[in-house]
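What follows is work.txt (compact mmCIF, C-alpha atoms and all ligand atoms).
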```txt
# COMPACT_ATOMS: atom_id res chain seq x y z
CA MET U 19 1.48 -8.20 -17.77
CA ILE U 20 4.41 -10.37 -16.75
CA SER U 21 3.95 -12.51 -19.83
CA ASP U 22 4.11 -9.30 -21.90
CA VAL U 23 7.36 -8.40 -20.16
CA ILE U 24 8.82 -11.80 -20.93
CA ALA U 25 7.66 -11.61 -24.52
CA ALA U 26 9.31 -8.20 -24.88
CA GLN U 27 12.69 -9.49 -23.78
CA PRO U 28 15.42 -10.54 -26.17
CA ASP U 29 15.46 -14.13 -27.32
CA TYR U 30 17.87 -15.96 -25.03
CA GLY U 31 17.75 -19.04 -27.21
CA ALA U 32 18.10 -22.58 -26.00
CA ASP U 33 18.74 -21.59 -22.36
CA VAL U 34 15.19 -20.36 -21.91
CA ALA U 35 13.63 -22.89 -24.27
CA ASN U 36 14.97 -25.71 -22.09
CA LEU U 37 13.50 -24.21 -18.98
CA THR U 38 10.32 -25.62 -17.45
CA VAL U 39 8.46 -24.48 -14.35
CA ARG U 40 6.04 -26.62 -12.37
CA ALA U 41 4.53 -26.88 -8.91
CA ALA U 42 6.89 -28.57 -6.47
CA THR U 43 6.02 -32.04 -5.18
CA PRO U 44 7.19 -33.79 -1.99
CA THR U 45 9.88 -35.64 -3.97
CA ASP U 46 11.50 -32.29 -4.80
CA LEU U 47 12.02 -31.48 -1.14
CA PRO U 48 15.68 -32.61 -0.66
CA ALA U 49 16.87 -30.68 -3.75
CA VAL U 50 14.69 -27.65 -2.89
CA GLN U 51 16.05 -27.66 0.65
CA ARG U 52 19.62 -27.63 -0.67
CA VAL U 53 18.95 -24.60 -2.89
CA LEU U 54 17.18 -22.71 -0.11
CA THR U 55 19.83 -23.50 2.49
CA ASN U 56 22.54 -22.42 0.09
CA SER U 57 20.80 -19.10 -0.48
CA TRP U 58 19.43 -18.29 2.98
CA GLY U 59 21.84 -20.15 5.31
CA MET U 60 18.89 -22.25 6.49
CA PRO U 61 15.46 -22.83 4.95
CA MET U 62 13.96 -20.15 7.17
CA VAL U 63 13.35 -16.47 6.45
CA VAL U 64 11.84 -13.62 8.44
CA GLY U 65 9.80 -10.99 6.64
CA HIS U 66 7.43 -8.32 7.98
CA GLY U 67 7.84 -9.89 11.40
CA VAL U 68 6.75 -13.35 10.25
CA GLN U 69 9.03 -16.35 10.48
CA TYR U 70 8.61 -18.73 7.54
CA ASP U 71 9.85 -22.31 7.32
CA LEU U 72 10.32 -22.34 3.55
CA THR U 73 10.13 -26.13 3.34
CA THR U 74 6.50 -26.04 4.49
CA LEU U 75 5.36 -23.52 1.87
CA PRO U 76 3.94 -24.30 -1.58
CA ALA U 77 6.56 -23.76 -4.24
CA PHE U 78 7.33 -23.63 -7.94
CA VAL U 79 10.48 -25.24 -9.20
CA ALA U 80 12.32 -24.39 -12.39
CA GLU U 81 14.24 -27.15 -14.14
CA ARG U 82 16.67 -27.12 -16.99
CA ASP U 83 17.23 -30.49 -18.62
CA GLY U 84 15.69 -32.15 -15.58
CA VAL U 85 18.04 -30.42 -13.13
CA LEU U 86 16.69 -28.02 -10.48
CA ALA U 87 17.51 -24.47 -11.62
CA GLY U 88 15.50 -22.38 -9.17
CA VAL U 89 12.79 -22.28 -6.50
CA LEU U 90 10.01 -19.84 -5.64
CA THR U 91 8.07 -20.31 -2.42
CA TYR U 92 4.84 -18.48 -1.69
CA SER U 93 2.02 -18.00 0.74
CA ILE U 94 -1.58 -17.04 -0.01
CA ASP U 95 -3.62 -14.96 2.37
CA ASN U 96 -6.41 -12.42 2.04
CA ASP U 97 -6.73 -12.43 -1.76
CA GLN U 98 -2.98 -11.98 -2.04
CA LEU U 99 -0.03 -14.10 -3.01
CA GLU U 100 3.18 -13.29 -1.20
CA ILE U 101 6.40 -14.47 -2.83
CA VAL U 102 8.33 -15.46 0.25
CA SER U 103 11.53 -16.49 -1.53
CA ILE U 104 12.81 -16.68 -5.09
CA ASP U 105 16.17 -18.12 -5.96
CA ALA U 106 17.96 -18.94 -9.17
CA VAL U 107 20.81 -21.46 -8.91
CA SER U 108 22.65 -19.56 -11.68
CA PRO U 109 21.38 -15.98 -11.91
CA GLY U 110 21.03 -14.23 -15.24
CA GLU U 111 19.76 -17.19 -17.23
CA GLY U 112 16.03 -16.51 -17.21
CA VAL U 113 15.11 -18.67 -14.22
CA GLY U 114 13.85 -15.82 -12.00
CA THR U 115 11.71 -14.45 -14.82
CA ALA U 116 10.13 -17.84 -15.46
CA LEU U 117 9.42 -18.46 -11.77
CA LEU U 118 7.92 -15.02 -11.29
CA ALA U 119 5.74 -15.48 -14.36
CA ALA U 120 4.50 -18.81 -13.02
CA ALA U 121 3.56 -17.29 -9.65
CA VAL U 122 1.73 -14.39 -11.30
CA ALA U 123 -0.14 -16.70 -13.66
CA ASP U 124 -1.14 -18.86 -10.71
CA ALA U 125 -2.37 -15.83 -8.74
CA ARG U 126 -4.42 -14.73 -11.75
CA ARG U 127 -5.93 -18.20 -12.12
CA ARG U 128 -6.98 -18.11 -8.49
CA GLY U 129 -8.56 -14.66 -8.95
CA LEU U 130 -6.21 -13.03 -6.43
CA ARG U 131 -5.87 -9.26 -6.28
CA ARG U 132 -2.20 -8.78 -5.63
CA VAL U 133 1.22 -10.43 -5.82
CA TRP U 134 3.68 -8.94 -3.39
CA LEU U 135 7.02 -9.54 -1.77
CA ILE U 136 9.63 -8.05 0.46
CA THR U 137 13.26 -7.49 -0.30
CA THR U 138 16.00 -5.86 1.69
CA ASN U 139 17.38 -2.37 1.15
CA ASP U 140 20.72 -3.65 -0.15
CA ASN U 141 19.29 -5.95 -2.82
CA LEU U 142 19.63 -3.56 -5.74
CA ASP U 143 19.81 -6.44 -8.24
CA ALA U 144 16.48 -7.80 -7.05
CA LEU U 145 14.98 -4.29 -7.12
CA ARG U 146 16.01 -3.94 -10.73
CA PHE U 147 14.76 -7.42 -11.54
CA TYR U 148 11.29 -6.86 -10.03
CA GLN U 149 10.77 -3.36 -11.35
CA ARG U 150 11.79 -4.38 -14.87
CA ARG U 151 9.02 -6.98 -14.61
CA GLY U 152 6.25 -4.58 -13.66
CA LEU U 153 6.29 -4.72 -9.86
CA ARG U 154 6.00 -1.41 -8.06
CA LEU U 155 7.78 -0.22 -4.97
CA VAL U 156 4.99 0.56 -2.50
CA GLY U 157 6.44 0.46 0.97
CA VAL U 158 9.43 0.74 3.22
CA ARG U 159 9.77 -0.52 6.78
CA PRO U 160 12.81 1.18 8.22
CA GLY U 161 14.64 -1.05 10.72
CA ALA U 162 12.51 -4.16 10.00
CA VAL U 163 15.57 -6.26 9.09
CA ASP U 164 17.30 -5.20 12.30
CA LEU U 165 14.28 -6.62 14.14
CA ALA U 166 14.28 -9.76 11.96
CA ARG U 167 17.93 -10.26 12.92
CA GLN U 168 16.85 -10.73 16.53
CA ILE U 169 14.88 -13.80 15.37
CA LYS U 170 17.46 -14.94 12.82
CA PRO U 171 20.90 -13.72 14.00
CA SER U 172 22.62 -15.08 10.88
CA ILE U 173 21.14 -12.30 8.70
CA PRO U 174 24.30 -10.40 7.72
CA GLU U 175 24.86 -6.81 8.82
CA THR U 176 26.19 -5.87 5.40
CA GLY U 177 24.73 -6.93 2.09
CA SER U 178 25.22 -6.39 -1.63
CA TYR U 179 27.49 -3.53 -2.69
CA GLY U 180 28.64 -3.14 0.94
CA ILE U 181 25.27 -1.63 1.89
CA PRO U 182 24.29 -2.00 5.57
CA ILE U 183 21.08 -4.06 5.72
CA HIS U 184 18.42 -2.43 7.86
CA ASP U 185 15.13 -2.07 6.01
CA GLU U 186 12.43 -4.02 4.23
CA LEU U 187 11.09 -2.78 0.91
CA THR U 188 7.69 -3.94 -0.32
CA LEU U 189 6.97 -4.44 -4.01
CA GLU U 190 3.66 -5.41 -5.51
CA LEU U 191 1.94 -6.28 -8.75
CA ARG U 192 -1.76 -5.48 -8.76
CA LEU U 193 -3.95 -7.91 -10.65
CA ASP U 194 -7.34 -6.38 -9.84
CA THR U 195 -6.92 -2.99 -11.44
CA GLU U 196 -4.93 -1.28 -14.17
CA ASP U 197 -2.12 0.86 -12.80
CA PRO U 198 -3.75 2.26 -9.62
CA TYR U 199 -0.74 4.56 -9.11
CA ARG U 200 -1.05 6.54 -12.35
CA HIS U 201 -4.63 7.64 -11.69
CA PRO U 202 -4.91 7.60 -7.90
CA VAL U 203 -8.22 9.44 -7.69
CA GLN U 204 -9.92 7.04 -10.10
CA ALA U 205 -8.35 4.07 -8.30
CA GLY U 206 -9.47 5.41 -4.92
CA ARG U 207 -12.94 6.03 -6.26
CA ALA U 208 -13.21 2.51 -7.72
CA ALA U 209 -11.95 0.94 -4.49
CA PHE U 210 -14.39 2.96 -2.41
CA LEU U 211 -17.40 2.20 -4.60
CA GLN U 212 -16.52 -1.47 -4.62
CA ARG U 213 -16.28 -1.66 -0.81
CA PHE U 214 -19.11 0.72 0.06
CA ARG U 215 -22.03 -0.86 1.95
CA TRP U 216 -25.12 0.35 3.70
CA CYS U 217 -25.48 -1.37 7.06
CA GLU U 218 -28.64 -1.00 9.17
CA GLY U 219 -29.49 2.16 7.27
CA HIS U 220 -26.06 3.70 7.84
CA ALA U 221 -23.23 4.17 5.40
CA ASP U 222 -20.57 1.82 6.81
CA THR U 223 -17.43 3.69 5.82
CA TRP U 224 -15.56 1.91 8.64
CA ALA U 225 -15.80 -1.38 6.74
CA LEU U 226 -13.39 -0.05 4.13
CA LEU U 227 -10.58 -0.08 6.69
CA ARG U 228 -10.82 -3.86 7.00
CA ASP U 229 -9.47 -4.13 3.47
CA PRO U 230 -5.84 -2.97 3.39
CA ILE U 231 -5.57 -2.93 -0.42
CA ALA U 232 -8.70 -0.82 -0.86
CA THR U 233 -7.67 1.42 2.02
CA SER U 234 -4.31 2.13 0.34
CA ASP U 235 -6.05 3.05 -2.90
CA VAL U 236 -8.56 5.26 -1.11
CA VAL U 237 -5.93 7.03 0.97
CA ARG U 238 -3.82 7.74 -2.12
CA GLY U 239 -6.93 8.98 -3.92
CA LEU U 240 -7.68 11.37 -1.06
CA ALA U 241 -4.09 12.49 -0.57
CA TYR U 242 -2.46 12.84 -4.00
CA PRO U 243 -4.46 15.83 -5.29
CA PHE U 244 -2.97 17.73 -2.34
CA LEU U 245 0.65 16.51 -2.53
CA GLY U 246 2.99 19.38 -1.71
CA ALA U 247 0.05 21.74 -1.26
CA VAL U 248 -0.65 21.44 2.47
CA ASP U 249 1.29 21.65 5.71
CA VAL U 250 -1.23 20.11 8.11
CA VAL U 251 -4.17 17.72 7.96
CA VAL U 252 -7.05 18.24 10.36
CA ALA U 253 -10.00 15.94 10.91
CA THR U 254 -12.97 15.78 13.23
CA GLU U 255 -13.61 12.73 15.35
CA ALA U 256 -14.57 9.98 14.94
CA ARG U 257 -14.44 8.73 11.36
CA GLY U 258 -12.39 11.67 10.20
CA PHE U 259 -9.58 10.65 12.57
CA SER U 260 -8.78 7.31 10.97
CA LEU U 261 -8.79 8.68 7.42
CA GLY U 262 -7.12 11.94 8.43
CA CYS U 263 -4.17 10.18 10.10
CA LEU U 264 -3.65 7.94 7.08
CA VAL U 265 -3.81 10.86 4.64
CA ALA U 266 -1.40 12.94 6.77
CA ARG U 267 1.00 10.03 6.81
CA GLU U 268 0.69 9.61 3.03
CA LEU U 269 1.38 13.31 2.50
CA GLY U 270 4.18 13.32 5.08
CA VAL U 271 2.65 16.19 7.05
CA ALA U 272 1.35 16.71 10.58
CA PHE U 273 -2.06 15.58 11.77
CA VAL U 274 -4.09 17.74 14.15
CA PRO U 275 -7.26 16.31 15.65
CA ILE U 276 -10.44 18.27 16.22
CA ARG U 277 -12.17 16.70 19.18
CA LYS U 278 -15.74 16.90 20.30
CA ALA U 279 -16.73 17.86 23.86
CA GLU U 280 -15.66 14.60 25.48
CA GLY U 281 -12.17 13.14 25.68
CA ALA U 282 -8.76 14.33 26.78
CA LEU U 283 -7.16 17.15 24.83
CA PRO U 284 -4.43 18.64 27.00
CA GLY U 285 -2.86 22.07 26.61
CA GLU U 286 -4.16 25.38 25.36
CA LYS U 287 -7.28 24.92 23.25
CA LEU U 288 -9.73 26.82 21.10
CA GLN U 289 -13.34 25.73 21.13
CA ILE U 290 -16.56 26.54 19.29
CA GLU U 291 -20.14 25.36 19.14
CA ALA U 292 -20.84 23.94 15.69
CA ALA U 293 -24.20 24.37 13.95
CA PRO U 294 -26.59 21.39 14.09
CA ASN U 295 -25.30 18.43 12.03
CA TRP U 296 -27.25 16.00 9.79
CA ARG U 297 -28.71 14.38 12.90
CA GLY U 298 -29.79 17.75 14.28
CA ARG U 299 -27.13 17.53 17.01
CA ARG U 300 -24.85 20.39 17.98
CA HIS U 301 -21.28 19.56 18.87
CA THR U 302 -18.58 21.40 20.71
CA LEU U 303 -15.40 21.25 18.63
CA ARG U 304 -11.95 21.72 20.17
CA ILE U 305 -8.45 22.02 18.78
CA GLN U 306 -5.04 22.35 20.38
CA ARG U 307 -3.86 25.83 19.50
CA ALA U 308 -0.25 24.68 19.10
CA GLY U 309 -1.27 22.30 16.30
CA ILE U 310 -1.47 25.02 13.68
CA THR U 311 1.08 27.73 13.06
CA PRO U 312 -0.09 30.98 11.48
CA GLY U 313 0.18 30.66 7.70
CA HIS U 314 -0.16 26.87 7.67
CA ARG U 315 -2.03 25.51 4.65
CA VAL U 316 -4.58 23.11 6.06
CA LEU U 317 -6.37 20.13 4.52
CA LEU U 318 -9.58 18.94 6.17
CA VAL U 319 -10.22 15.21 5.72
CA ASP U 320 -13.62 13.65 6.39
CA ASP U 321 -15.66 10.74 5.19
CA TRP U 322 -18.82 12.65 4.28
CA VAL U 323 -20.07 16.23 4.21
CA GLU U 324 -23.81 16.67 4.27
CA THR U 325 -24.89 19.83 6.07
CA GLY U 326 -21.35 21.15 6.42
CA ALA U 327 -21.84 21.93 10.13
CA SER U 328 -18.65 20.25 11.29
CA LEU U 329 -16.76 21.49 8.20
CA HIS U 330 -17.73 25.06 9.07
CA GLY U 331 -16.73 24.48 12.68
CA ALA U 332 -13.35 23.05 11.68
CA TRP U 333 -12.82 25.88 9.21
CA GLU U 334 -13.45 28.47 11.90
CA LEU U 335 -11.08 26.77 14.35
CA VAL U 336 -8.34 26.59 11.70
CA SER U 337 -8.82 30.28 10.88
CA ARG U 338 -8.78 31.29 14.54
CA CYS U 339 -5.45 29.47 14.95
CA GLY U 340 -4.09 31.57 12.06
CA GLY U 341 -4.15 28.72 9.54
CA ARG U 342 -5.65 28.80 6.05
CA LEU U 343 -8.04 26.08 4.93
CA THR U 344 -6.87 25.29 1.40
CA GLY U 345 -8.41 21.87 0.78
CA VAL U 346 -11.17 19.46 1.75
CA ALA U 347 -10.71 15.76 0.94
CA LEU U 348 -13.82 13.61 1.20
CA LEU U 349 -14.98 10.13 0.49
CA VAL U 350 -18.50 11.34 -0.25
CA ASP U 351 -19.58 14.82 -1.27
CA GLN U 352 -23.17 15.66 -0.39
CA MET U 353 -22.62 19.29 0.44
CA PRO U 354 -25.24 21.94 -0.32
CA ASP U 355 -24.54 24.24 -3.27
CA ALA U 356 -24.29 27.24 -0.94
CA LEU U 357 -21.38 25.64 0.94
CA ARG U 358 -19.69 24.58 -2.30
CA GLY U 359 -19.91 28.18 -3.55
CA GLU U 360 -18.57 29.50 -0.26
CA LEU U 361 -15.56 27.16 -0.42
CA GLU U 362 -14.93 28.04 -4.05
CA ARG U 363 -14.98 31.78 -3.35
CA ALA U 364 -12.52 31.25 -0.49
CA GLY U 365 -10.17 29.33 -2.80
CA VAL U 366 -10.68 26.05 -0.92
CA ARG U 367 -10.29 23.09 -3.24
CA VAL U 368 -12.69 20.18 -2.73
CA GLY U 369 -11.51 16.71 -3.69
CA ALA U 370 -14.15 14.00 -3.28
CA LEU U 371 -13.95 10.43 -4.46
CA VAL U 372 -17.68 10.24 -5.18
CA ASN U 373 -20.84 12.30 -5.05
CA SER U 374 -23.62 10.91 -2.87
CA GLY U 375 -25.82 10.40 -5.97
CA GLU U 376 -23.36 7.81 -7.26
CA LEU U 377 -23.86 5.51 -4.26
CA PRO U 378 -26.26 2.59 -4.37
CA PRO U 379 -29.62 3.35 -2.73
CA ALA U 380 -29.79 2.89 1.04
CA LEU U 381 -31.33 -0.43 2.10
C1 LIG B 1 16.72 -12.05 -8.05
C2 LIG B 1 16.82 -13.38 -8.83
C3 LIG B 1 15.78 -14.33 -8.28
C4 LIG B 1 16.54 -13.09 -10.29
O1 LIG B 1 16.57 -14.33 -10.97
P1 LIG B 1 17.43 -14.53 -12.31
O2 LIG B 1 17.30 -15.94 -12.71
O3 LIG B 1 18.76 -13.98 -12.16
O4 LIG B 1 16.55 -13.62 -13.28
P2 LIG B 1 16.62 -13.62 -14.86
O5 LIG B 1 17.80 -14.39 -15.32
O6 LIG B 1 15.30 -14.04 -15.35
O7 LIG B 1 16.77 -12.10 -15.14
C5 LIG B 1 17.94 -11.42 -14.67
C6 LIG B 1 18.59 -10.69 -15.80
O8 LIG B 1 19.26 -11.58 -16.63
C7 LIG B 1 18.88 -11.39 -17.99
N1 LIG B 1 18.88 -12.70 -18.66
C8 LIG B 1 18.04 -13.70 -18.42
N2 LIG B 1 18.35 -14.75 -19.20
C9 LIG B 1 19.45 -14.40 -19.92
C10 LIG B 1 20.26 -15.06 -20.87
N3 LIG B 1 20.03 -16.31 -21.23
N4 LIG B 1 21.29 -14.35 -21.38
C11 LIG B 1 21.54 -13.11 -21.03
N5 LIG B 1 20.82 -12.45 -20.11
C12 LIG B 1 19.78 -13.09 -19.57
C13 LIG B 1 17.49 -10.83 -17.88
O9 LIG B 1 17.17 -10.05 -19.01
C14 LIG B 1 17.59 -10.00 -16.66
O10 LIG B 1 18.08 -8.70 -16.91
P3 LIG B 1 17.20 -7.43 -16.50
O11 LIG B 1 16.93 -7.54 -15.04
O12 LIG B 1 18.04 -6.29 -16.89
O13 LIG B 1 15.95 -7.56 -17.30
C15 LIG B 1 18.23 -14.02 -8.76
O14 LIG B 1 19.16 -13.09 -9.16
C16 LIG B 1 18.59 -14.58 -7.41
O15 LIG B 1 18.39 -15.76 -7.15
N6 LIG B 1 19.16 -13.75 -6.51
C17 LIG B 1 19.61 -14.22 -5.21
C18 LIG B 1 18.46 -14.44 -4.26
C19 LIG B 1 17.64 -13.18 -4.12
O16 LIG B 1 18.15 -12.10 -3.91
N7 LIG B 1 16.32 -13.36 -4.21
C20 LIG B 1 15.40 -12.26 -4.13
C21 LIG B 1 15.10 -11.98 -2.73
S1 LIG B 1 13.83 -10.79 -2.57
```

Take the structure from the file and write it as structure tokens.
Ligand SMILES: CC(C)(COP(=O)(O)OP(=O)(O)OC[C@H]1O[C@@H](n2cnc3c(N)ncnc32)[C@H](O)[C@@H]1OP(=O)(O)O)[C@@H](O)C(=O)NCCC(=O)NCCS
Amino acid sequence: MISDVIAAQPDYGADVANLTVRAATPTDLPAVQRVLTNSWGMPMVVGHGVQYDLTTLPAFVAERDGVLAGVLTYSIDNDQLEIVSIDAVSPGEGVGTALLAAAVADARRRGLRRVWLITTNDNLDALRFYQRRGLRLVGVRPGAVDLARQIKPSIPETGSYGIPIHDELTLELRLDTEDPYRHPVQAGRAAFLQRFRWCEGHADTWALLRDPIATSDVVRGLAYPFLGAVDVVVATEARGFSLGCLVARELGVAFVPIRKAEGALPGEKLQIEAAPNWRGRRHTLRIQRAGITPGHRVLLVDDWVETGASLHGAWELVSRCGGRLTGVALLVDQMPDALRGELERAGVRVGALVNSGELPPAL
């Protein structure tokens, strides 16, 4: 991808032809340290709460005619390569592009799934640079630079273009899948199927949450079909809670829990007895009445629907609060045809990443 981007750029002639990139060696350290200190005040940066001594990280160096022209430092963790710093001695001469390409090629060679980095909210030039080279903007941490400043007080208050520096922006380049953002449901489905495991006869949908990349894909896959179409997400404990909160956050709407009989749930409540579930157990389901305002469009999120007992219970609670169930987002759809027909007739849209028949057989 990056190599395609480079190939598509105009021919910059001798400047780029003279440029070489290689892994840094210990003998590069004094020159590397000078470049990093010049750029960052000291060879130390703070990103996503982590303090990095750049001189201890692996690096790529760019040279033009044997002279150091730029440095990229990185860190590898959890199938991912983080670009911790990237600096061109003279910007606008192709050094950044060459360094980025080297890091991406290295990540590919190692079979990593993602190249990512953080920049600050003022760094519009870097944002342009990265996005023109295929990286995608996937996260914002408001106030993270203000916190970093407590560790490194020399981080300026004001940055490029006079913009106050407060926030961290995350950009990424995915290497494991083609454009997971354009087709979020397919990407979510692929991530889920890849991570899905049976464990001691049970579907271990919790295990997915240990993988942050797959979780992001799955949450987008669950959420995006309902963007702008719901006001509230509800979910039944326990597994529904973790997914439901993440989906609500992705959609930027409220989350309202539906609790079983045990556990604190203060304030005015509605409660019902649900029909027996797939284990033959009946559950009391409770909701805080204030969570749903009459007229709210409600999305129910769950990992799996089999008998539909808890779905029916949640549906009834939502209706009794005056809300309207408009969507059901599931990892796995195993619902009986009768329930599917009932939801269809009521205008409730079902979005499931997979049908149960697509899962590998239980061990
Ligand atoms: C961000 C940074 C690393 C980019 O590196 P760079 O060497 O300037 O990047 P390049 O020269 O490869 O590309 C920059 C632009 O110059 C253009 N360019 C590159 N070589 C060129 C040449 N010989 N003639 C004319 N234009 C050229 C590129 O097309 C590119 O334009 P585009 O972004 O519109 O595509 C660099 O600007 C930098 O060191 N910034 C300060 C530190 C920093 O902010 N780091 C990032 C922190 S997250």

Kindly work out which residues sit at most 7 Å from ligand LIG 1 (chain B), using only C-alpha atoms and all ligand atoms, and give the list as an mmCIF file with C-alpha atoms, keeping the file's coordinate frame.
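File written: out.cif
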```
data_model
loop_
_atom_site.group_PDB
_atom_site.id
_atom_site.type_symbol
_atom_site.label_atom_id
_atom_site.label_comp_id
_atom_site.auth_asym_id
_atom_site.auth_seq_id
_atom_site.Cartn_x
_atom_site.Cartn_y
_atom_site.Cartn_z
ATOM 1 C CA GLN U 27 12.690 -9.490 -23.780
ATOM 2 C CA TYR U 30 17.870 -15.960 -25.030
ATOM 3 C CA GLY U 31 17.750 -19.040 -27.210
ATOM 4 C CA ASP U 33 18.740 -21.590 -22.360
ATOM 5 C CA VAL U 34 15.190 -20.360 -21.910
ATOM 6 C CA SER U 57 20.800 -19.100 -0.480
ATOM 7 C CA SER U 103 11.530 -16.490 -1.530
ATOM 8 C CA ILE U 104 12.810 -16.680 -5.090
ATOM 9 C CA ASP U 105 16.170 -18.120 -5.960
ATOM 10 C CA ALA U 106 17.960 -18.940 -9.170
ATOM 11 C CA VAL U 107 20.810 -21.460 -8.910
ATOM 12 C CA SER U 108 22.650 -19.560 -11.680
ATOM 13 C CA PRO U 109 21.380 -15.980 -11.910
ATOM 14 C CA GLY U 110 21.030 -14.230 -15.240
ATOM 15 C CA GLU U 111 19.760 -17.190 -17.230
ATOM 16 C CA GLY U 112 16.030 -16.510 -17.210
ATOM 17 C CA VAL U 113 15.110 -18.670 -14.220
ATOM 18 C CA GLY U 114 13.850 -15.820 -12.000
ATOM 19 C CA THR U 115 11.710 -14.450 -14.820
ATOM 20 C CA ALA U 116 10.130 -17.840 -15.460
ATOM 21 C CA LEU U 135 7.020 -9.540 -1.770
ATOM 22 C CA ILE U 136 9.630 -8.050 0.460
ATOM 23 C CA THR U 137 13.260 -7.490 -0.300
ATOM 24 C CA THR U 138 16.000 -5.860 1.690
ATOM 25 C CA ASN U 141 19.290 -5.950 -2.820
ATOM 26 C CA ASP U 143 19.810 -6.440 -8.240
ATOM 27 C CA ALA U 144 16.480 -7.800 -7.050
ATOM 28 C CA ARG U 146 16.010 -3.940 -10.730
ATOM 29 C CA PHE U 147 14.760 -7.420 -11.540
ATOM 30 C CA ARG U 150 11.790 -4.380 -14.870
#
```

Enter the distance from CA of Thr223 (chain U) to CA of Cys263 (chain U), in Å, rounded to one decimal.
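Distance reported for this atom pair: 15.4 Å.
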
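Taking only C-alpha atoms into account, the protein, DNA and RNA residues within 10 Å of (-19.1, 22.8, 4.1) read Val323, Glu324, Thr325, Gly326, Ala327, Ser328, Leu329, His330, Gly331, Ala332, Trp333, Val346, Asp351, Gln352, Met353, Pro354, Asp355, Ala356, Leu357, Arg358, Gly359, Glu360, Leu361 and Val368 of chain U.
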
Give me the residues within 12 Å of Phe244 (chain U) as a PyMOL selection string, counting all atoms listed in the file and dropping any in the same chain fewer than 5 places off.
chain U and resi 202-203+237-239+249-251+265-266+268-271+315-319+344-347+366-370

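Of note, CA of Asp83 (chain U) and CA of Thr43 (chain U) are spaced 17.6 Å apart.
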
Could you produce a table of the residues of region 228-291 of chain U lying within 12 Å of region 118-133 of chain U, with the nearest pair of atoms per residue and their separation in Å rounded to one decimal, using only C-alpha atoms, ordered by chain and increasing residue number, as a tab-separated table?
```
residue	atom	partner	partner_atom	distance
U:Asp229	CA	U:Arg131	CA	11.6
U:Pro230	CA	U:Arg132	CA	11.3
U:Ile231	CA	U:Arg132	CA	8.5
U:Ala232	CA	U:Arg131	CA	10.4
```

Within 7 Å of Glu291 (chain U), counting all atoms listed in the file, which residues show up once you throw out same-chain ones fewer than 3 positions away? Write them as a ChimeraX atom specification, please.
/U:300-303

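Atom pair CA of Val274 (chain U) / CA of Asp235 (chain U): separated by 22.6 Å.
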
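Minimum atom-to-atom distances from U:Val63, U:Ala41, U:Leu72, U:Ala221 to Val163 (chain U) were compared using only C-alpha atoms, and the lowest value belongs to U:Val63.
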
Which residue, U:Leu349, U:Met62, U:Val39, U:Ile169, has the smallest gap to Ala209 (chain U) when you use all atoms listed in the file?
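Looking at the shortest contact to Ala209 (chain U), the residue is U:Leu349.
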
How would region 355-365 of chain U look with N, CA and C atoms restored, written as an mmCIF file, in the coordinates of the input?
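The resulting file, out08.cif, is reproduced below:
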```cif
data_model
loop_
_atom_site.group_PDB
_atom_site.id
_atom_site.type_symbol
_atom_site.label_atom_id
_atom_site.label_comp_id
_atom_site.auth_asym_id
_atom_site.auth_seq_id
_atom_site.Cartn_x
_atom_site.Cartn_y
_atom_site.Cartn_z
ATOM 1 N N ASP U 355 -25.176 23.353 -2.294
ATOM 2 C CA ASP U 355 -24.540 24.240 -3.270
ATOM 3 C C ASP U 355 -23.982 25.504 -2.610
ATOM 4 N N ALA U 356 -24.727 26.001 -1.592
ATOM 5 C CA ALA U 356 -24.290 27.240 -0.940
ATOM 6 C C ALA U 356 -22.893 27.059 -0.332
ATOM 7 N N LEU U 357 -22.682 25.912 0.312
ATOM 8 C CA LEU U 357 -21.380 25.640 0.940
ATOM 9 C C LEU U 357 -20.302 25.476 -0.137
ATOM 10 N N ARG U 358 -20.661 24.776 -1.212
ATOM 11 C CA ARG U 358 -19.690 24.580 -2.300
ATOM 12 C C ARG U 358 -19.241 25.950 -2.854
ATOM 13 N N GLY U 359 -20.233 26.850 -3.031
ATOM 14 C CA GLY U 359 -19.910 28.180 -3.550
ATOM 15 C C GLY U 359 -19.021 28.945 -2.574
ATOM 16 N N GLU U 360 -19.346 28.800 -1.291
ATOM 17 C CA GLU U 360 -18.570 29.500 -0.260
ATOM 18 C C GLU U 360 -17.105 29.033 -0.274
ATOM 19 N N LEU U 361 -16.927 27.710 -0.387
ATOM 20 C CA LEU U 361 -15.560 27.160 -0.420
ATOM 21 C C LEU U 361 -14.826 27.637 -1.677
ATOM 22 N N GLU U 362 -15.543 27.631 -2.779
ATOM 23 C CA GLU U 362 -14.930 28.040 -4.050
ATOM 24 C C GLU U 362 -14.462 29.489 -3.977
ATOM 25 N N ARG U 363 -15.333 30.352 -3.439
ATOM 26 C CA ARG U 363 -14.980 31.780 -3.350
ATOM 27 C C ARG U 363 -13.780 31.990 -2.442
ATOM 28 N N ALA U 364 -13.654 31.113 -1.426
ATOM 29 C CA ALA U 364 -12.520 31.250 -0.490
ATOM 30 C C ALA U 364 -11.264 30.566 -1.029
ATOM 31 N N GLY U 365 -11.361 29.979 -2.216
ATOM 32 C CA GLY U 365 -10.170 29.330 -2.800
ATOM 33 C C GLY U 365 -9.874 27.981 -2.170
#
```
